[in-house]
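Undergrad: Sharing a structure, written as structure tokens. Questions coming.
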Amino acid sequence: MTSTFIPRSDFLRVLTERGYIHQCSDLAGLDEQARKGEVTAYIGFDCTATSLHVGSLLQIMMLRWLQKTGGKPVPLMGGGTTRVGDPSGKDESRKILSLEDIENNKTGIKAVFSKFLTFGDGAKDAIMPDNAEWLTKLNYIDFLRDVGRHFSVNRMMSMDSVKMRLERDQELSFLEFNYMCLQSYDFVELNRRYGCNLQMGGSDQWGNIVTGVDLGRRMGTPQLYALTSPLLTTASGAKMGKTAAGAIWLNADMLSPWDYWQFWRNTEDRDVGRFLRLFTEMPLDEIARLEALQGAEINEAKKILATEACAMLHGREQAERATETARQTFEEGVTSTDLPHIHIEASALASGLGVLAAFVEAGLVQSTGEARRQIKGGGLRVNDVIVADDRMSLTAADLNDSGSIKLSLGKKRHILLTPKA
RNA sequence: GGGGGAAUGUCCCGAGCGGCAAAGGGGGCGGACUGUAAAUCCGCUGGCUACGCCUUCGCAGGUUCGAGUCCUGCUUCCCCCA
């Protein structure tokens with residue numbers, strides 16, 4: 001559907017060219033709104049953790065492009081829905097969080113948004129409302145009378161997400177069935193409060209979003225629009241943002257800029273072009289050139305991807321530092337003093353610090369048992385020398401010129417152990 | 001209300017006639033090969049003061065030298081009949 005339509009607005013042109021669009025309820029209509037500079041779009045975010053992770057980055061970027069092309073972005077916090085516990089994940093229902101936790105999480109999440117969006121009171125400034133503001137005030141009877149009457153169960157039953165569950169004989173709880181009503185109502189409420197006329201989200205949200213569009217029509221709002229992005233996986237099919245080491249968090253206190261840079265640097269070849277378009281703001285012709293690089297050359301493109309993505313989140317300076325640290329570590333084989341480090345008591349070295357304990361302390365392994373196994377498999381190194389003996393201990397003699405000991409797990413993960421002065 | 005199933009290694013799926021730290025996958029981590037990629041091959045994938053000790057199979061008891069396995073009660077989920 002996107003192939004035949006040529007958008008005239010900057011907003012849709014950018015989103016189309018860069019591959020953000022999966023489905024749209026009315027491209028031409030939305031394009032017209034965008035051309036008039038009258039798009040206010042929202043995307044709902046859970047506040048189940050103190051930070052968002054890369055999985056949400058695509059949505060954040062869409063809001064960012066919207067603002068850059070003259071629209072008003074509205075990241076909506078799901079404080080109200082979090083309070084209920086969203087059951088939409090088929091098997092596990094999310095745990096219900098306390099109010100303090102939710103508030104705390106909102107603070108952490110807002111910090112991330114402020115890196116990508118400009119907040120304020122201006123017409124095109126971003127705002128971050130919380131659906132708890134209206135959802136918690138709902139009265140069941142009033143809601144049924146004013147809103148519930150507009151939902152067509154017939155229509156809801158025909159939605160893919162519902163149909164699938166019924167066909168498979170899987171349980172679909174009433175709460176879950178209602179969840180889309182609440183989400184639809186959010187859209188209407190946001191339209192009334194802020195003139196919001198577009199909801200965006202991942203492709204899995206399509207059903208919920210168009211239900212909101214429909215509700216708006218029945219409740220007399222101006223025309224609303226739906227726009228979804230493709231579900232993002234790596235070329236090998238893995239979900240974005242989850243690794244064994246944990247989620248790729250966006251907050252720096254949960255994942256350092258260095259680790260964030262490394263995440264992007266380790267992108268698969270096949271994903272480089274796509275990721276450059278989605279997660280950087282580089283010109284498309286430049287991306288096309290980088291994407292065309294063959295063999296080992298494509299590593300250059302990965303470095304640029306890492307640096308640009310890192311700069312957007314953590315700032316140019318942090319990104320450059322990570323780039324330089326990586327260059328020293330991987331290309332020159334020098335021990336950069338800027339690698340992540342942890343401090344230990346100087347006295348610990350005096351009496352000799354066991355390697356097992358040291359690696360656990362550094363967080364490279366979870367337990368001494370794992371450290372032992374890694375040693376057996378040749379995976380641990382101290383100052384770039386493979387550890388052969390698990391009874392080895394570290395002393396002041398192991399300190400390098402810059403006064404620290406380099407611990408490595410595999411070829412990629414390094415931590416400097418530095419005694420406290 | 002009646003009848004029948006299910007719950008396993010704190011990532012997931014999943015075997016398990018009383019001797020079990022518990023088969024097999026997936027995923028992940030490490031090694032080899034490379035380019036900090038992919039594919040492929042190999043190893044590892046409860047904890048510890050470590051040739052030994054401790055803790056794991058929904059929860060709580062019981063039988064037994066010994067229980068994931070047998071018995072009783074409970075919780076949760078699923079299916080069939082009403």
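Naming scheme: A, B, ... for chains in displayed order of the structure tokens; residues 1 onward per chain; ligands 1 onward as shown.
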Please identify every residue of chain A that has at least one atom no more than 10 Å from any atom of chain B, counting only C-alpha atoms (C1' of nucleotides), and report them as a PyMOL selection string.

TA: chain A and resi 235-236+243-245+262+265-271+295-299+302+326+330-331+365+367-370+373-380+409-412

Undergrad: Near Asp26 of chain A, within 9 Å and counting only C-alpha atoms (C1' of nucleotides), which residues show up once chain neighbours fewer than 2 positions away are dropped, as a PyMOL selection string?

TA: chain A and resi 24+28-31+225-227

Undergrad: Which is closer to U64 of chain B than all the others in B:G18, B:C77, B:A23, B:A7, using only C-alpha atoms (C1' of nucleotides)?

TA: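 Of the candidates, the smallest distance to U64 of chain B is held by B:G18.
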
Undergrad: When you look at U69 of chain B with a cut-off of 10 Å (counting only C-alpha atoms (C1' of nucleotides)), what residues show up, excluding the ones that are within fewer than 3 positions of it in the same chain? I need them as a list in words.

TA: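 Once the adjacent positions are removed, what remains is G16, C17, G18 and C57 of chain B.
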
Undergrad: From a backbone DSSP assignment, name each residue in segment 241-410 of chain A labelled strand (DSSP E), as a PyMOL selection string.

TA: chain A and resi 242-243+246-247+341-344+353-354+380-382+385-386+393-394+405-409

Undergrad: Set the distance at 7 Å and use only C-alpha atoms (C1' of nucleotides): which residues neighbour segment 193-207 of chain A once local chain neighbours fewer than 4 positions away are removed? I'd like the list as a list in words.

TA: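 Returned residues: His22, Val39, Thr40, Ala41, Tyr42, Ile43, Gln59, Met159, Glu189, Thr211, Gln223, Leu224, Tyr225, Ala226, Leu227, Thr228, Ser229, Pro230 and Leu231 of chain A.
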
Undergrad: Residues within 10 Å of Asn105 of chain A, please, as a list in words. Count only C-alpha atoms (C1' of nucleotides); anything in the same chain fewer than 3 positions from it doesn't count.

TA: Asp46, Cys47, Thr48, Ala49, Thr50, Ser51, Leu52, Met77, Gly79, Leu99, Glu100, Asp101, Ile102, Gly108, Ile109 and Lys110 of chain A

Undergrad: If you run DSSP over the backbone, which residues in segment 104-205 of chain A end up helix (DSSP H, G or I)? Put them as a PyMOL selection string.

TA: chain A and resi 104-116+132-135+140-146+148-150+153-157+160-167+174-194+203-205

Undergrad: If we count only C-alpha atoms (C1' of nucleotides), what is near Ala34 of chain A at a cut-off of 8 Å, once residues fewer than 4 positions away on the same chain are taken out, given as an MDAnalysis selection string?

TA: chainID A and resid 9:12 30 38:39 70:71

Undergrad: What is the distance, in Å and to one decimal place, between atom CA of Met61 of chain A and atom CA of Thr280 of chain A?

TA: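 The value is 8.8 Å.
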
Undergrad: Report as a VMD selection string all protein, DNA and RNA residues lying within 9 Å of Ala132 of chain A, evaluated on only C-alpha atoms (C1' of nucleotides), omitting residues in the same chain fewer than 4 positions from it.

TA: chain A and resid 77 to 83 136 to 137

Undergrad: Rounded to one decimal place, report the atom CA of Val272 of chain A-atom CA of Leu290 of chain A distance in Å.

TA: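 Atom CA of Leu290 of chain A lies at a distance of 8.5 Å from atom CA of Val272 of chain A.
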